[in-house]
Amino acid sequence: MVGHMLNMIYIDIPVGTGFSYSQTQQGYYSSDTLWVDHAYSFIQKWLVVHSKFSSNPFYIGGGSYSGIITGPLVQKVYQGNQARHVPHINIKGYVIASPSVDTHQIYSTQVLYAYHMSLIPKELYESLEENCKGNYVNIDPDNTKCVSDYKAYSELVRYINQQQILEPLCMTTPAVNQLIQQPVQDDQELRCRSYYHILVNIWANDENVRKALHIREGTKGEFLRCNKTLEYTQNLQPSVIDYYRNLTNANIQALVYSSDLDMAIPQVGTQEWIKSLNMSIHDKWRAWFVEGQVAGFTEIYKMKQDHYLTYATVKGAGHVAQTFKPKEVYNLIKRWFSFSLI
């Protein structure tokens, strides 16, 4: 974000991601619940050191898998305030983007999304629903009709880019040397977003970059955008919906936004769990605009007193909406912080 809209703190978490590190091997063993505890501890310690920010309105944000963590973390902060923990964290709300909240639900709504987007035929969708009964996670191998239908579904969407269904799926990435040595002639050279991930690793491993970011020497070897070697336990899954249900009774605001071309965490699933919270509708489904053009759709729900959950879609965006539609997401966040209607 630019300008004077907010101050932002980025946390490399869990331990081992980004430039974060542990001084012991045991410290690299982590889990969902440890993530929550470590994040809460960090916020407290940060506010002790930077006490001039303690009265600022505080918001917690997360996206994708962090949806599993954000609800429990917000609840821990809120309950800590109620218990008069020091320092007081002036939490005013949370933002979650394309959030994973119920992992089993994601699988079932991916099938529904594929049907809605004409990736699979109506007949197959109806057969899947009839034979699998919405259970696509632990399919009974003796349920041969469901097994067969799901195999057919999987084959049809196999080459679809789930992050953004209209963009190409890149099965491999070009060699690093190829990207460095061959000048980019046009967009075709880097037509896949995953190619840029290689450039991020090159940038983050440059000595000058590390000095500029004040990374302590000797603490981190190679930077990896996605460190998949961590010993991490996903112990809050499959669902954290109850945490978000609890937060509808807290005095905080909420913004949830999804991308309409994202099949990884489909918007239909996000809408489904939001509706399961049984909030009343404050502002019914309508378009929201940026520079006179439809940027997506929104619906606002009333939680407690003057506190609301705002749900919005970002039209034409993929899984990480701001990488596809930065102008639209910037306006979305800015308006929400200013308490104006999206």
# chains A, B, ... in the order shown; residues from 1 in each chain; ligands from 1
>>> residues_around(residues="segment 51-53 of chain A", least_positions_apart="2", cutoff="12 Å", atoms="only C-alpha atoms", output="PyMOL selection string")
chain A and resi 6-9+43-49+55-58+86-90
>>> residues_around(residues="Leu224 of chain A", least_positions_apart="2", cutoff="7 Å", atoms="only C-alpha atoms", output="ChimeraX atom specification")
/A:18,201,222,226-227
>>> select_by_dssp(residues="segment 221-322 of chain A", states="strand (DSSP E)", output="ChimeraX atom specification")
/A:231-233,253-259,280-290,293-302,308-314
>>> residues_around(residues="His319 of chain A", least_positions_apart="5", cutoff="10 Å", atoms="only C-alpha atoms", output="VMD selection string")
chain A and resid 63 to 64 97 to 99 162 to 165 258 to 266 324
>>> write_last_selection(atoms="all heavy atoms", output="CSV table (one decimal), in the first residue's frame")
chain,number,residue,atom,x,y,z
A,63,GLY,N,-4.0,-14.6,3.8
A,63,GLY,CA,-4.6,-15.0,2.5
A,63,GLY,C,-4.3,-16.5,2.3
A,63,GLY,O,-3.4,-17.1,2.9
A,64,SER,N,-5.2,-17.1,1.5
A,64,SER,CA,-5.0,-18.5,1.1
A,64,SER,C,-5.0,-19.4,2.3
A,64,SER,O,-5.9,-19.3,3.2
A,64,SER,CB,-3.7,-18.7,0.3
A,64,SER,OG,-3.7,-19.9,-0.4
A,97,ALA,N,-8.1,-13.0,2.4
A,97,ALA,CA,-8.2,-13.0,0.9
A,97,ALA,C,-8.2,-14.4,0.4
A,97,ALA,O,-7.2,-15.2,0.7
A,97,ALA,CB,-7.1,-12.2,0.3
A,98,SER,N,-9.2,-14.8,-0.4
A,98,SER,CA,-9.2,-16.2,-1.0
A,98,SER,C,-8.8,-17.2,0.1
A,98,SER,O,-7.9,-18.0,-0.1
A,98,SER,CB,-8.3,-16.3,-2.2
A,98,SER,OG,-8.7,-15.5,-3.2
A,99,PRO,N,-9.5,-17.2,1.2
A,99,PRO,CA,-9.1,-17.9,2.4
A,99,PRO,C,-9.4,-19.4,2.4
A,99,PRO,O,-10.6,-19.7,2.1
A,99,PRO,CB,-9.8,-17.2,3.6
A,99,PRO,CG,-11.1,-16.7,3.0
A,99,PRO,CD,-10.7,-16.4,1.5
A,162,GLN,N,-5.4,-23.9,-11.9
A,162,GLN,CA,-6.4,-23.6,-10.8
A,162,GLN,C,-6.2,-22.2,-10.2
A,162,GLN,O,-7.2,-21.7,-9.6
A,162,GLN,CB,-6.3,-24.7,-9.8
A,162,GLN,CG,-6.8,-26.1,-10.3
A,162,GLN,CD,-7.2,-27.0,-9.1
A,162,GLN,OE1,-7.0,-26.7,-8.0
A,162,GLN,NE2,-7.7,-28.2,-9.5
A,163,GLN,N,-5.0,-21.7,-10.2
A,163,GLN,CA,-4.8,-20.4,-9.7
A,163,GLN,C,-5.5,-19.3,-10.4
A,163,GLN,O,-6.0,-18.3,-9.8
A,163,GLN,CB,-3.3,-20.0,-9.6
A,163,GLN,CG,-2.4,-21.0,-8.9
A,163,GLN,CD,-2.5,-20.8,-7.4
A,163,GLN,OE1,-2.3,-19.6,-6.9
A,163,GLN,NE2,-2.7,-21.8,-6.6
A,164,GLN,N,-5.7,-19.5,-11.7
A,164,GLN,CA,-6.4,-18.5,-12.6
A,164,GLN,C,-6.7,-19.3,-13.8
A,164,GLN,O,-5.9,-19.5,-14.7
A,164,GLN,CB,-5.5,-17.3,-12.9
A,164,GLN,CG,-6.3,-16.0,-13.2
A,164,GLN,CD,-6.8,-15.9,-14.6
A,164,GLN,OE1,-7.0,-16.8,-15.3
A,164,GLN,NE2,-7.0,-14.6,-15.0
A,165,ILE,N,-8.0,-19.7,-14.0
A,165,ILE,CA,-8.4,-20.7,-15.0
A,165,ILE,C,-8.2,-20.2,-16.4
A,165,ILE,O,-8.3,-21.0,-17.3
A,165,ILE,CB,-9.9,-21.1,-14.7
A,165,ILE,CG1,-10.8,-20.0,-14.9
A,165,ILE,CG2,-10.0,-21.8,-13.4
A,165,ILE,CD1,-12.3,-20.4,-15.0
A,258,SER,N,-12.6,-12.6,-2.5
A,258,SER,CA,-12.3,-13.7,-3.4
A,258,SER,C,-12.1,-13.3,-4.8
A,258,SER,O,-12.6,-12.2,-5.2
A,258,SER,CB,-13.4,-14.8,-3.3
A,258,SER,OG,-13.6,-15.2,-2.0
A,259,SER,N,-11.4,-14.1,-5.6
A,259,SER,CA,-11.2,-13.9,-7.0
A,259,SER,C,-12.2,-14.8,-7.8
A,259,SER,O,-12.3,-16.0,-7.5
A,259,SER,CB,-9.8,-14.2,-7.4
A,259,SER,OG,-8.9,-13.4,-6.5
A,260,ASP,N,-12.8,-14.2,-8.8
A,260,ASP,CA,-13.8,-15.0,-9.5
A,260,ASP,C,-13.2,-16.0,-10.5
A,260,ASP,O,-13.9,-16.8,-11.1
A,260,ASP,CB,-14.9,-14.1,-10.1
A,260,ASP,CG,-14.3,-13.2,-11.3
A,260,ASP,OD1,-13.1,-13.3,-11.6
A,260,ASP,OD2,-15.1,-12.4,-11.8
A,261,LEU,N,-11.9,-15.9,-10.8
A,261,LEU,CA,-11.3,-16.9,-11.7
A,261,LEU,C,-10.4,-17.8,-11.0
A,261,LEU,O,-9.5,-18.5,-11.6
A,261,LEU,CB,-10.5,-16.1,-12.8
A,261,LEU,CG,-11.3,-15.3,-13.8
A,261,LEU,CD1,-10.5,-14.6,-14.8
A,261,LEU,CD2,-12.4,-16.1,-14.5
A,262,ASP,N,-10.5,-17.9,-9.7
A,262,ASP,CA,-9.7,-18.8,-8.8
A,262,ASP,C,-10.5,-20.1,-8.5
A,262,ASP,O,-11.6,-20.1,-7.9
A,262,ASP,CB,-9.5,-18.0,-7.4
A,262,ASP,CG,-8.7,-18.9,-6.4
A,262,ASP,OD1,-8.2,-19.9,-6.8
A,262,ASP,OD2,-8.7,-18.5,-5.3
A,263,MET,N,-9.9,-21.2,-9.0
A,263,MET,CA,-10.5,-22.5,-8.7
A,263,MET,C,-9.8,-23.2,-7.5
A,263,MET,O,-10.3,-24.1,-7.0
A,263,MET,CB,-10.3,-23.4,-10.0
A,263,MET,CG,-11.0,-24.7,-9.9
A,263,MET,SD,-11.0,-25.6,-11.4
A,263,MET,CE,-11.5,-27.3,-10.9
A,264,ALA,N,-8.6,-22.6,-7.1
A,264,ALA,CA,-7.9,-23.2,-6.0
A,264,ALA,C,-8.8,-23.2,-4.7
A,264,ALA,O,-8.9,-24.1,-4.0
A,264,ALA,CB,-6.6,-22.6,-5.8
A,265,ILE,N,-9.3,-22.0,-4.5
A,265,ILE,CA,-10.2,-21.8,-3.4
A,265,ILE,C,-11.4,-21.0,-3.9
A,265,ILE,O,-11.5,-19.8,-3.9
A,265,ILE,CB,-9.6,-21.0,-2.2
A,265,ILE,CG1,-8.4,-21.8,-1.7
A,265,ILE,CG2,-10.6,-20.8,-1.0
A,265,ILE,CD1,-7.7,-21.1,-0.5
A,266,PRO,N,-12.4,-21.7,-4.5
A,266,PRO,CA,-13.5,-21.1,-5.2
A,266,PRO,C,-14.3,-20.1,-4.4
A,266,PRO,O,-14.6,-20.4,-3.2
A,266,PRO,CB,-14.3,-22.3,-5.7
A,266,PRO,CG,-13.4,-23.5,-5.6
A,266,PRO,CD,-12.5,-23.2,-4.4
A,324,PHE,N,-3.0,-9.8,-9.7
A,324,PHE,CA,-3.8,-9.7,-11.0
A,324,PHE,C,-4.5,-8.4,-11.1
A,324,PHE,O,-4.5,-7.8,-12.2
A,324,PHE,CB,-4.8,-10.8,-11.1
A,324,PHE,CG,-4.3,-12.2,-11.1
A,324,PHE,CD1,-4.0,-12.9,-9.9
A,324,PHE,CD2,-4.0,-12.9,-12.2
A,324,PHE,CE1,-3.5,-14.2,-9.9
A,324,PHE,CE2,-3.5,-14.2,-12.3
A,324,PHE,CZ,-3.2,-14.8,-11.1
>>> select_by_dssp(residues="segment 14-241 of chain A", states="alpha helix (DSSP H)", output="PyMOL selection string")
chain A and resi 32-49+67-82+103-116+122-132+144-157+176-181+193-204+207-212+241
>>> atom_distance(atom1="atom CA of Phe42 of chain A", atom2="atom CA of Tyr78 of chain A")
15.2 Å
>>> residues_around(residues="Tyr232 of chain A", least_positions_apart="5", cutoff="9 Å", atoms="only C-alpha atoms", output="list in words")
Pro14, Tyr28, Tyr29, Ser30, Ser31 and Asp32 of chain A
>>> closest_residue(among="A:Ile60, A:Leu156, A:Ala317, A:Met303", to="Arg245 of chain A", atoms="only C-alpha atoms")
A:Met303
>>> residues_around(residues="Glu207 of chain A", least_positions_apart="2", cutoff="12 Å", atoms="only C-alpha atoms", output="compact mmCIF listing (two decimals) with C-alpha atoms, in the first residue's frame")
# COMPACT_ATOMS: atom_id res chain seq x y z
CA ILE A 202 17.37 -14.64 -7.61
CA TRP A 203 16.55 -11.22 -6.13
CA ALA A 204 16.23 -12.45 -2.53
CA ASN A 205 19.53 -14.36 -2.68
CA VAL A 209 19.43 -7.16 -1.33
CA ARG A 210 20.13 -9.00 1.89
CA LYS A 211 22.20 -6.11 3.20
CA ALA A 212 19.46 -3.64 2.28
CA LEU A 213 16.90 -5.77 4.14
CA HIS A 214 19.23 -6.07 7.16
CA ILE A 215 19.27 -9.87 7.06
CA ARG A 216 21.70 -11.15 9.69
CA GLU A 217 24.68 -12.83 8.06
CA GLY A 218 24.94 -16.55 8.61
CA LYS A 220 19.80 -18.09 6.39
CA GLY A 221 21.23 -20.09 3.54
CA GLU A 222 19.32 -20.15 0.29
CA PHE A 223 16.06 -18.18 0.20
>>> atom_distance(atom1="atom CA of Gly93 of chain A", atom2="atom CA of Val294 of chain A")
26.0 Å
>>> residues_around(residues="segment 103-119 of chain A", least_positions_apart="3", cutoff="8 Å", atoms="only C-alpha atoms", output="NGL selection string")
:A and (100 or 122 or 125 or 134-137 or 153 or 156-157 or 237-239 or 263-266 or 268-269)
>>> residues_around(residues="Val101 of chain A", least_positions_apart="6", cutoff="9 Å", atoms="only C-alpha atoms", output="list of chain:residue names")
A:Ser64, A:Tyr65, A:Ser66, A:Gly67, A:Ile68, A:Ile69, A:Gly71, A:Gln237, A:Pro238, A:Ser239, A:Val240, A:Ile241, A:Tyr244, A:Thr270, A:Trp273
>>> closest_residue(among="A:Lys76, A:Arg158, A:His282, A:His38", to="Ile120 of chain A", atoms="only C-alpha atoms")
A:Arg158
